[in-house]
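Data file: model-v1.cif. Format and content: mmCIF, N, CA and C atoms.
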data_entry
loop_
_atom_site.label_atom_id
_atom_site.label_comp_id
_atom_site.auth_asym_id
_atom_site.auth_seq_id
_atom_site.Cartn_x
_atom_site.Cartn_y
_atom_site.Cartn_z
N MET D 41 216.32 -67.71 201.92
CA MET D 41 216.08 -67.68 200.49
C MET D 41 215.40 -66.38 200.07
N GLY D 42 214.84 -65.68 201.02
CA GLY D 42 214.19 -64.43 200.70
C GLY D 42 212.89 -64.63 199.94
N ILE D 43 212.65 -63.76 199.02
CA ILE D 43 211.40 -63.74 198.26
C ILE D 43 211.45 -64.66 197.03
N HIS D 44 212.63 -65.16 196.69
CA HIS D 44 212.81 -65.89 195.43
C HIS D 44 211.96 -67.16 195.28
N PRO D 45 211.81 -68.01 196.29
CA PRO D 45 210.93 -69.17 196.10
C PRO D 45 209.48 -68.79 195.80
N THR D 46 209.00 -67.76 196.47
CA THR D 46 207.63 -67.30 196.22
C THR D 46 207.50 -66.75 194.80
N VAL D 47 208.46 -65.96 194.38
CA VAL D 47 208.44 -65.38 193.03
C VAL D 47 208.50 -66.49 191.99
N ALA D 48 209.35 -67.50 192.20
CA ALA D 48 209.46 -68.60 191.25
C ALA D 48 208.13 -69.35 191.14
N GLN D 49 207.48 -69.58 192.26
CA GLN D 49 206.19 -70.28 192.24
C GLN D 49 205.13 -69.46 191.51
N LEU D 50 205.08 -68.16 191.78
CA LEU D 50 204.10 -67.30 191.10
C LEU D 50 204.42 -67.16 189.61
N ARG D 51 205.69 -67.09 189.26
CA ARG D 51 206.07 -67.05 187.84
C ARG D 51 205.62 -68.33 187.14
N SER D 52 205.74 -69.46 187.83
CA SER D 52 205.29 -70.73 187.25
C SER D 52 203.79 -70.67 186.95
N SER D 53 203.02 -70.13 187.87
CA SER D 53 201.57 -69.96 187.64
C SER D 53 201.31 -68.99 186.49
N GLN D 54 202.08 -67.93 186.43
CA GLN D 54 201.94 -66.94 185.37
C GLN D 54 202.24 -67.58 184.02
N ILE D 55 203.26 -68.41 183.95
CA ILE D 55 203.62 -69.11 182.71
C ILE D 55 202.50 -70.05 182.28
N ALA D 56 201.88 -70.73 183.25
CA ALA D 56 200.77 -71.64 182.93
C ALA D 56 199.59 -70.87 182.35
N ILE D 57 199.28 -69.71 182.89
CA ILE D 57 198.17 -68.89 182.38
C ILE D 57 198.47 -68.40 180.97
N GLN D 58 199.69 -67.90 180.76
CA GLN D 58 200.07 -67.40 179.44
C GLN D 58 200.11 -68.53 178.41
N SER D 59 200.56 -69.70 178.82
CA SER D 59 200.56 -70.85 177.92
C SER D 59 199.12 -71.25 177.57
N GLY D 60 198.23 -71.16 178.54
CA GLY D 60 196.81 -71.45 178.30
C GLY D 60 196.20 -70.49 177.30
N ASN D 61 196.60 -69.23 177.37
CA ASN D 61 196.12 -68.25 176.38
C ASN D 61 196.55 -68.65 174.98
N ILE D 62 197.82 -69.03 174.84
CA ILE D 62 198.33 -69.44 173.52
C ILE D 62 197.64 -70.71 173.06
N PHE D 63 197.44 -71.66 173.96
CA PHE D 63 196.78 -72.92 173.63
C PHE D 63 195.37 -72.68 173.10
N ASN D 64 194.68 -71.66 173.63
CA ASN D 64 193.30 -71.39 173.24
C ASN D 64 193.16 -70.35 172.14
N ILE D 65 194.19 -70.15 171.36
CA ILE D 65 194.17 -69.11 170.33
C ILE D 65 193.09 -69.34 169.28
N GLU D 66 192.68 -70.58 169.06
CA GLU D 66 191.65 -70.89 168.06
C GLU D 66 190.28 -71.14 168.69
N THR D 67 190.16 -71.00 170.00
CA THR D 67 188.89 -71.24 170.69
C THR D 67 187.97 -70.04 170.48
N PRO D 68 186.78 -70.25 169.90
CA PRO D 68 185.86 -69.13 169.69
C PRO D 68 185.46 -68.48 171.02
N GLN D 69 185.40 -67.17 171.02
CA GLN D 69 184.97 -66.35 172.15
C GLN D 69 185.88 -66.47 173.38
N TYR D 70 187.08 -67.03 173.23
CA TYR D 70 188.00 -67.13 174.37
C TYR D 70 188.50 -65.75 174.74
N ARG D 71 188.49 -65.46 176.02
CA ARG D 71 188.99 -64.18 176.52
C ARG D 71 190.34 -64.38 177.18
N THR D 72 191.29 -63.55 176.80
CA THR D 72 192.65 -63.64 177.31
C THR D 72 192.70 -63.29 178.79
N LEU D 73 193.42 -64.09 179.54
CA LEU D 73 193.67 -63.80 180.95
C LEU D 73 195.01 -63.08 181.08
N GLU D 74 195.03 -62.03 181.87
CA GLU D 74 196.25 -61.29 182.16
C GLU D 74 196.74 -61.74 183.53
N ALA D 75 197.99 -62.12 183.63
CA ALA D 75 198.60 -62.53 184.89
C ALA D 75 199.75 -61.58 185.18
N GLN D 76 199.64 -60.81 186.23
CA GLN D 76 200.63 -59.77 186.54
C GLN D 76 201.17 -59.98 187.94
N LEU D 77 202.50 -59.97 188.07
CA LEU D 77 203.12 -60.01 189.39
C LEU D 77 203.12 -58.62 189.98
N ASN D 78 202.69 -58.52 191.23
CA ASN D 78 202.67 -57.23 191.93
C ASN D 78 203.57 -57.33 193.15
N PHE D 79 204.53 -56.43 193.23
CA PHE D 79 205.44 -56.37 194.37
C PHE D 79 205.01 -55.22 195.27
N TYR D 80 204.86 -55.51 196.55
CA TYR D 80 204.42 -54.50 197.50
C TYR D 80 205.56 -54.10 198.41
N PRO D 81 205.74 -52.80 198.61
CA PRO D 81 206.82 -52.35 199.50
C PRO D 81 206.51 -52.65 200.96
N SER D 82 207.59 -52.77 201.71
CA SER D 82 207.42 -52.98 203.15
C SER D 82 207.13 -51.65 203.82
N ASN D 83 207.00 -51.68 205.10
CA ASN D 83 206.73 -50.48 205.87
C ASN D 83 207.94 -49.54 205.78
N PRO D 84 207.76 -48.33 205.22
CA PRO D 84 208.90 -47.42 205.05
C PRO D 84 209.51 -46.97 206.37
N GLY D 85 208.78 -47.08 207.47
CA GLY D 85 209.30 -46.69 208.77
C GLY D 85 210.33 -47.65 209.32
N LEU D 86 210.43 -48.84 208.74
CA LEU D 86 211.37 -49.85 209.21
C LEU D 86 212.63 -49.85 208.35
N SER D 87 213.26 -48.71 208.22
CA SER D 87 214.41 -48.63 207.33
C SER D 87 215.64 -49.24 207.99
N ARG D 88 216.44 -49.87 207.18
CA ARG D 88 217.74 -50.38 207.59
C ARG D 88 218.78 -49.44 207.01
N ASP D 89 219.82 -49.25 207.71
CA ASP D 89 220.84 -48.31 207.24
C ASP D 89 221.66 -48.96 206.14
N LEU D 90 221.09 -49.05 204.97
CA LEU D 90 221.78 -49.60 203.81
C LEU D 90 222.23 -48.45 202.93
N SER D 91 223.39 -48.58 202.37
CA SER D 91 223.85 -47.54 201.48
C SER D 91 223.53 -47.95 200.04
N VAL D 92 223.07 -47.00 199.27
CA VAL D 92 222.79 -47.21 197.86
C VAL D 92 223.50 -46.13 197.07
N SER D 93 223.90 -46.46 195.87
CA SER D 93 224.63 -45.50 195.06
C SER D 93 223.72 -44.61 194.23
N ASP D 94 222.43 -44.97 194.16
CA ASP D 94 221.48 -44.20 193.38
C ASP D 94 220.12 -44.29 194.06
N LYS D 95 219.42 -43.19 194.17
CA LYS D 95 218.14 -43.19 194.88
C LYS D 95 217.07 -44.05 194.18
N ARG D 96 217.29 -44.42 192.90
CA ARG D 96 216.35 -45.27 192.18
C ARG D 96 216.54 -46.75 192.49
N HIS D 97 217.63 -47.12 193.14
CA HIS D 97 217.87 -48.52 193.47
C HIS D 97 216.87 -49.02 194.49
N ILE D 98 216.54 -50.27 194.39
CA ILE D 98 215.63 -50.89 195.36
C ILE D 98 216.48 -51.49 196.47
N THR D 99 216.19 -51.09 197.69
CA THR D 99 216.92 -51.65 198.82
C THR D 99 216.20 -52.89 199.33
N GLN D 100 216.88 -53.64 200.15
CA GLN D 100 216.36 -54.91 200.63
C GLN D 100 215.03 -54.74 201.38
N ASN D 101 214.86 -53.64 202.07
CA ASN D 101 213.65 -53.46 202.88
C ASN D 101 212.49 -52.87 202.09
N GLN D 102 212.62 -52.65 200.81
CA GLN D 102 211.54 -52.05 200.04
C GLN D 102 210.54 -53.05 199.49
N ILE D 103 210.89 -54.32 199.43
CA ILE D 103 209.95 -55.32 198.92
C ILE D 103 209.61 -56.28 200.05
N ALA D 104 208.35 -56.31 200.41
CA ALA D 104 207.92 -57.17 201.52
C ALA D 104 207.07 -58.33 201.05
N ASP D 105 206.32 -58.12 199.99
CA ASP D 105 205.39 -59.16 199.57
C ASP D 105 205.19 -59.09 198.06
N VAL D 106 204.75 -60.22 197.52
CA VAL D 106 204.48 -60.31 196.09
C VAL D 106 203.24 -61.16 195.90
N GLU D 107 202.42 -60.81 194.91
CA GLU D 107 201.23 -61.60 194.62
C GLU D 107 201.02 -61.62 193.10
N LEU D 108 200.23 -62.59 192.67
CA LEU D 108 199.88 -62.71 191.26
C LEU D 108 198.42 -62.30 191.11
N SER D 109 198.19 -61.25 190.33
CA SER D 109 196.81 -60.85 190.07
C SER D 109 196.41 -61.37 188.68
N ILE D 110 195.19 -61.90 188.61
CA ILE D 110 194.69 -62.48 187.37
C ILE D 110 193.39 -61.79 187.01
N ALA D 111 193.29 -61.31 185.78
CA ALA D 111 192.08 -60.63 185.32
C ALA D 111 191.93 -60.84 183.82
N PHE D 112 190.72 -60.65 183.32
CA PHE D 112 190.51 -60.72 181.88
C PHE D 112 191.07 -59.48 181.22
N LYS D 113 191.55 -59.66 180.00
CA LYS D 113 192.07 -58.56 179.21
C LYS D 113 190.94 -57.59 178.88
N ASN D 114 191.30 -56.41 178.45
CA ASN D 114 190.32 -55.40 178.05
C ASN D 114 189.28 -56.01 177.10
N PRO D 115 188.00 -55.91 177.41
CA PRO D 115 186.98 -56.58 176.59
C PRO D 115 186.80 -56.03 175.18
N GLY D 116 187.32 -54.87 174.85
CA GLY D 116 187.11 -54.30 173.53
C GLY D 116 188.06 -54.78 172.46
N ASP D 117 189.13 -55.47 172.85
CA ASP D 117 190.15 -55.90 171.90
C ASP D 117 189.82 -57.27 171.32
N THR D 118 189.54 -57.35 170.03
CA THR D 118 189.27 -58.62 169.36
C THR D 118 190.32 -58.83 168.30
N ALA D 119 191.07 -59.92 168.41
CA ALA D 119 192.15 -60.18 167.48
C ALA D 119 191.74 -61.05 166.31
N SER D 120 190.60 -61.74 166.41
CA SER D 120 190.19 -62.61 165.31
C SER D 120 188.70 -62.48 165.04
N GLU D 121 188.26 -63.08 163.94
CA GLU D 121 186.87 -62.98 163.54
C GLU D 121 185.92 -63.82 164.40
N ASN D 122 186.45 -64.82 165.11
CA ASN D 122 185.58 -65.67 165.91
C ASN D 122 185.36 -65.14 167.34
N GLY D 123 185.78 -63.90 167.59
CA GLY D 123 185.57 -63.29 168.89
C GLY D 123 186.67 -63.55 169.89
N ASN D 124 187.68 -64.28 169.49
CA ASN D 124 188.81 -64.57 170.35
C ASN D 124 189.71 -63.34 170.41
N ASP D 125 190.19 -62.99 171.61
CA ASP D 125 191.01 -61.79 171.72
C ASP D 125 192.49 -62.07 172.02
N VAL D 126 192.96 -63.29 171.74
CA VAL D 126 194.35 -63.65 171.99
C VAL D 126 195.23 -63.12 170.86
N SER D 127 196.27 -62.39 171.22
CA SER D 127 197.27 -61.93 170.25
C SER D 127 198.50 -62.82 170.43
N LEU D 128 198.79 -63.65 169.45
CA LEU D 128 199.88 -64.62 169.57
C LEU D 128 201.21 -63.93 169.84
N ALA D 129 201.53 -62.90 169.09
CA ALA D 129 202.81 -62.22 169.25
C ALA D 129 202.94 -61.63 170.66
N LEU D 130 201.89 -61.00 171.15
CA LEU D 130 201.92 -60.40 172.48
C LEU D 130 202.05 -61.46 173.56
N GLU D 131 201.30 -62.54 173.43
CA GLU D 131 201.36 -63.61 174.43
C GLU D 131 202.72 -64.30 174.43
N GLN D 132 203.31 -64.49 173.25
CA GLN D 132 204.64 -65.09 173.19
C GLN D 132 205.69 -64.19 173.84
N ALA D 133 205.57 -62.89 173.64
CA ALA D 133 206.51 -61.95 174.26
C ALA D 133 206.36 -61.96 175.77
N LYS D 134 205.12 -61.97 176.26
CA LYS D 134 204.89 -62.02 177.70
C LYS D 134 205.39 -63.33 178.29
N LEU D 135 205.18 -64.42 177.57
CA LEU D 135 205.63 -65.72 178.03
C LEU D 135 207.16 -65.76 178.12
N ALA D 136 207.84 -65.23 177.13
CA ALA D 136 209.31 -65.18 177.15
C ALA D 136 209.82 -64.37 178.33
N GLN D 137 209.16 -63.26 178.60
CA GLN D 137 209.55 -62.41 179.72
C GLN D 137 209.34 -63.13 181.05
N SER D 138 208.23 -63.82 181.20
CA SER D 138 207.94 -64.57 182.42
C SER D 138 208.92 -65.71 182.61
N MET D 139 209.27 -66.39 181.53
CA MET D 139 210.21 -67.50 181.61
C MET D 139 211.60 -66.99 182.00
N ALA D 140 211.99 -65.84 181.49
CA ALA D 140 213.28 -65.26 181.87
C ALA D 140 213.29 -64.92 183.36
N GLY D 141 212.20 -64.33 183.85
CA GLY D 141 212.10 -64.02 185.27
C GLY D 141 212.14 -65.27 186.13
N TYR D 142 211.48 -66.33 185.68
CA TYR D 142 211.49 -67.61 186.40
C TYR D 142 212.91 -68.16 186.45
N ASN D 143 213.60 -68.14 185.32
CA ASN D 143 214.97 -68.66 185.28
C ASN D 143 215.90 -67.87 186.20
N ILE D 144 215.71 -66.57 186.28
CA ILE D 144 216.51 -65.75 187.18
C ILE D 144 216.25 -66.14 188.63
N SER D 145 214.99 -66.31 188.99
CA SER D 145 214.65 -66.71 190.36
C SER D 145 215.27 -68.06 190.71
N ILE D 146 215.17 -69.02 189.80
CA ILE D 146 215.74 -70.35 190.04
C ILE D 146 217.26 -70.26 190.17
N SER D 147 217.90 -69.44 189.35
CA SER D 147 219.36 -69.27 189.44
C SER D 147 219.76 -68.69 190.79
N LEU D 148 219.01 -67.72 191.27
CA LEU D 148 219.32 -67.12 192.57
C LEU D 148 219.11 -68.12 193.70
N ILE D 149 218.08 -68.94 193.61
CA ILE D 149 217.85 -69.98 194.62
C ILE D 149 218.99 -70.98 194.60
N ARG D 150 219.39 -71.42 193.41
CA ARG D 150 220.51 -72.37 193.30
C ARG D 150 221.80 -71.79 193.88
N GLU D 151 222.03 -70.51 193.61
CA GLU D 151 223.23 -69.86 194.13
C GLU D 151 223.23 -69.84 195.66
N ARG D 152 222.10 -69.52 196.24
CA ARG D 152 222.01 -69.50 197.70
C ARG D 152 222.16 -70.89 198.29
N LEU D 153 221.56 -71.88 197.64
CA LEU D 153 221.71 -73.26 198.12
C LEU D 153 223.15 -73.73 198.00
N SER D 154 223.83 -73.33 196.95
CA SER D 154 225.24 -73.67 196.77
C SER D 154 226.09 -73.04 197.87
N MET D 155 225.81 -71.79 198.21
CA MET D 155 226.54 -71.14 199.28
C MET D 155 226.29 -71.85 200.62
N LEU D 156 225.03 -72.22 200.88
CA LEU D 156 224.72 -72.94 202.12
C LEU D 156 225.43 -74.28 202.16
N ASP D 157 225.48 -74.97 201.04
CA ASP D 157 226.18 -76.26 200.96
C ASP D 157 227.66 -76.09 201.29
N LYS D 158 228.27 -75.05 200.77
CA LYS D 158 229.69 -74.80 201.05
C LYS D 158 229.92 -74.47 202.52
N VAL D 159 229.02 -73.72 203.12
CA VAL D 159 229.17 -73.38 204.53
C VAL D 159 228.99 -74.62 205.40
N ILE D 160 227.99 -75.42 205.10
CA ILE D 160 227.72 -76.62 205.89
C ILE D 160 228.85 -77.64 205.76
N SER D 161 229.36 -77.82 204.56
CA SER D 161 230.41 -78.82 204.34
C SER D 161 231.81 -78.28 204.68
N GLY D 162 231.93 -77.00 204.96
CA GLY D 162 233.20 -76.41 205.36
C GLY D 162 234.17 -76.19 204.21
N ARG D 163 233.67 -76.04 203.03
CA ARG D 163 234.56 -75.79 201.87
C ARG D 163 234.89 -74.34 201.73
#

Once you've parsed the file, please lay out its structure as structure tokens.
Amino acid sequence: MGIHPTVAQLRSSQIAIQSGNIFNIETPQYRTLEAQLNFYPSNPGLSRDLSVSDKRHITQNQIADVELSIAFKNPGDTASENGNDVSLALEQAKLAQSMAGYNISISLIRERLSMLDKVISGR
């Protein structure tokens, strides 16, 4: 399955954090949490002879690990008079982006499971 199950799980956590930010938009003094997925490259010395059509393409051996980093948003940004720094438009955009990434990961997992099912059943 590769990295996709891990990414889907982390995206789910990211979606929960972003939803929590939106849920707390009216909470006085609430500080927005930033949830960012970080992809780490593998050891560049372990190259596989893969051909790519453009040097900007990511090859299979370039991503080894992924993690979710969580931190408070910049403390100077206040979006409302009660000290809350949640920006609804920004949080909704981030949430939509995270949900799209989650859906892509789930689609790729389903595709791989479908291929495995066909191989196992001999279709």

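Closest to Glu121 (chain D) among D:Phe63, D:Leu50, D:Leu153, D:Pro68 is D:Pro68, based on all atoms listed in the file.
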
Legend entry - Contacts of region 69-72 of chain D at 5 Å (all atoms listed in the file; same-chain gap of 2+ positions) as a PyMOL selection string: chain D and resi 67+74+112-113+122-125

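Computed from the coordinates, the CA of Tyr142 (chain D) to atom N of Val159 (chain D) distance equals 25.0 Å.
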
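Using all atoms listed in the file, the set of residues no farther than 6.5 Å from the position (199.6, -66.8, 188.2) comprises D:Leu50, D:Arg51, D:Ser52, D:Ser53, D:Gln54, D:Ile55, D:Ile57, D:Ala75, D:Gln76, D:Leu108, D:Ser109.
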
Inset, instruction - Find the residues around region 143-148 of chain D up to 8 Å (only C-alpha atoms counted), leave out those fewer than 6 positions away in its own chain, and share them as a count of residues only. - result: 4

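A straight line drawn from CA of Gln58 (chain D) to atom C of Leu73 (chain D) is 6.9 Å long.
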
Inset, instruction - Report the distance between CA of Glu107 (chain D) and CA of Tyr80 (chain D) in Å, rounded to one decimal place. - result: 8.3 Å
